[in-house]
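Comments concern the structure below.
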Amino acid sequence: MLVRLLYCSRAVDTSPKSIEEIMTAAKVKNPTRGITGILCFGGGIFLQAIEGGRQAVSDLYGDIQRDDRHHDVVLLHYEEIHERRFGSWTMGLVNLAKLNTSVVLKYSEKPELNPYAVSGRVSLALLEELMATAAIIGRS
């Protein structure tokens, strides 16, 4: 059974080195777990969709909740799925600092990433648009 989980959190360390360490760890661990997904980072906030088997996704989300590099971890959306939307990525990264703010503004009150202020469906729609507009870096 495949599932998709969407969550947001606040980064403890927003340095490029810290973000790169998170991406590197995901790229190493996710393939062995059968996990794919996309990570969006901006304004100190992570927005991440992870897909895979129910137990693998549940285990990974538990790891994220215990990870001291995150705080204010909030589950935004969870669903059973028939196919992956982010199947081409072990983990893709969207750097919102390099995006046209009108894309983010389309889905929120202000031109800044704040998944805490919108629904999970809206956050998922934003990720899908970012994917469709090739705004994703670090695809592997």
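Residue numbers start at 1 in each chain; chains themselves are named A, B, ... in the order of the structure tokens; ligands are numbered from 1 in the order shown.
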
Problem set entry | strand (DSSP E) residues, from DSSP on the backbone, in segment 31-104 of chain A, as an NGL selection string | :A and (36-42 or 45-53 or 70-81 or 92-95)

Please, could you write that set of residues out with C-alpha atoms as a short mmCIF file (atom, residue, chain, number, x, y, z; two decimals), in the first residue's frame?
data_model
loop_
_atom_site.label_atom_id
_atom_site.label_comp_id
_atom_site.auth_asym_id
_atom_site.auth_seq_id
_atom_site.Cartn_x
_atom_site.Cartn_y
_atom_site.Cartn_z
CA THR A 36 10.52 9.31 -2.83
CA GLY A 37 9.58 12.92 -2.28
CA ILE A 38 10.23 16.60 -2.52
CA LEU A 39 11.50 19.08 0.05
CA CYS A 40 10.74 22.78 -0.14
CA PHE A 41 12.71 25.16 2.06
CA GLY A 42 12.28 28.88 2.53
CA ILE A 45 10.48 26.46 7.03
CA PHE A 46 10.53 22.98 5.52
CA LEU A 47 7.59 21.69 3.52
CA GLN A 48 8.03 18.07 2.53
CA ALA A 49 6.01 15.43 0.73
CA ILE A 50 7.17 11.84 1.20
CA GLU A 51 5.78 8.82 -0.62
CA GLY A 52 6.27 5.10 -0.20
CA GLY A 53 4.97 2.09 1.66
CA HIS A 70 13.49 20.33 13.16
CA HIS A 71 10.93 21.75 15.54
CA ASP A 72 7.22 22.57 15.25
CA VAL A 73 6.69 19.48 13.07
CA VAL A 74 3.06 19.46 11.87
CA LEU A 75 1.27 16.83 9.79
CA LEU A 76 -0.58 18.65 6.98
CA HIS A 77 -1.93 15.82 4.84
CA TYR A 78 -1.89 12.02 4.66
CA GLU A 79 -3.50 9.83 2.03
CA GLU A 80 -3.41 6.41 0.45
CA ILE A 81 -2.34 6.71 -3.19
CA GLY A 92 14.20 16.95 -4.77
CA LEU A 93 14.87 20.37 -3.25
CA VAL A 94 13.07 23.59 -4.03
CA ASN A 95 14.94 26.74 -3.03
#

Problem set entry | Which of chain A fall in helix (DSSP H, G or I), as number ranges by chain | A: 16-33, 54-66, 96-98, 101-105, 115-117, 120-132

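Between atom CA of Tyr61 of chain A and atom CA of His82 of chain A the separation is 20.1 Å.
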
Seminar exercise, completed: A straight line from atom CA of Asn114 of chain A to atom CA of Ser9 of chain A spans 10.0 Å

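Reported to one decimal place, the separation of atom CA of Gln65 of chain A from atom CA of Lys98 of chain A is 27.7 Å.
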
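Once segment 102-108 of chain A and its same-chain neighbours fewer than 5 positions away are set aside, Leu96, Leu113, Asn114, Pro115, Ala117, Val118, Val122, Ser123, Ala125, Leu126, Glu129 and Leu130 of chain A remain within 9 Å of it when counting only C-alpha atoms.
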
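Checking A:Met131, A:Arg4, A:Thr14, A:Ala26 one by one against Asp63 of chain A, counting only C-alpha atoms, you find the shortest gap at A:Ala26.
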
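Among A:Leu127, A:Leu2, A:Ala132, A:Val12, the residue with the shortest atom-to-atom distance to Asp67 of chain A, counting only C-alpha atoms, is A:Val12.
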
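Distances here use only C-alpha atoms; by that measure, the residue among A:Ala11, A:Ile22, A:Gly34, A:Glu109 closest to Ser88 of chain A is A:Gly34.
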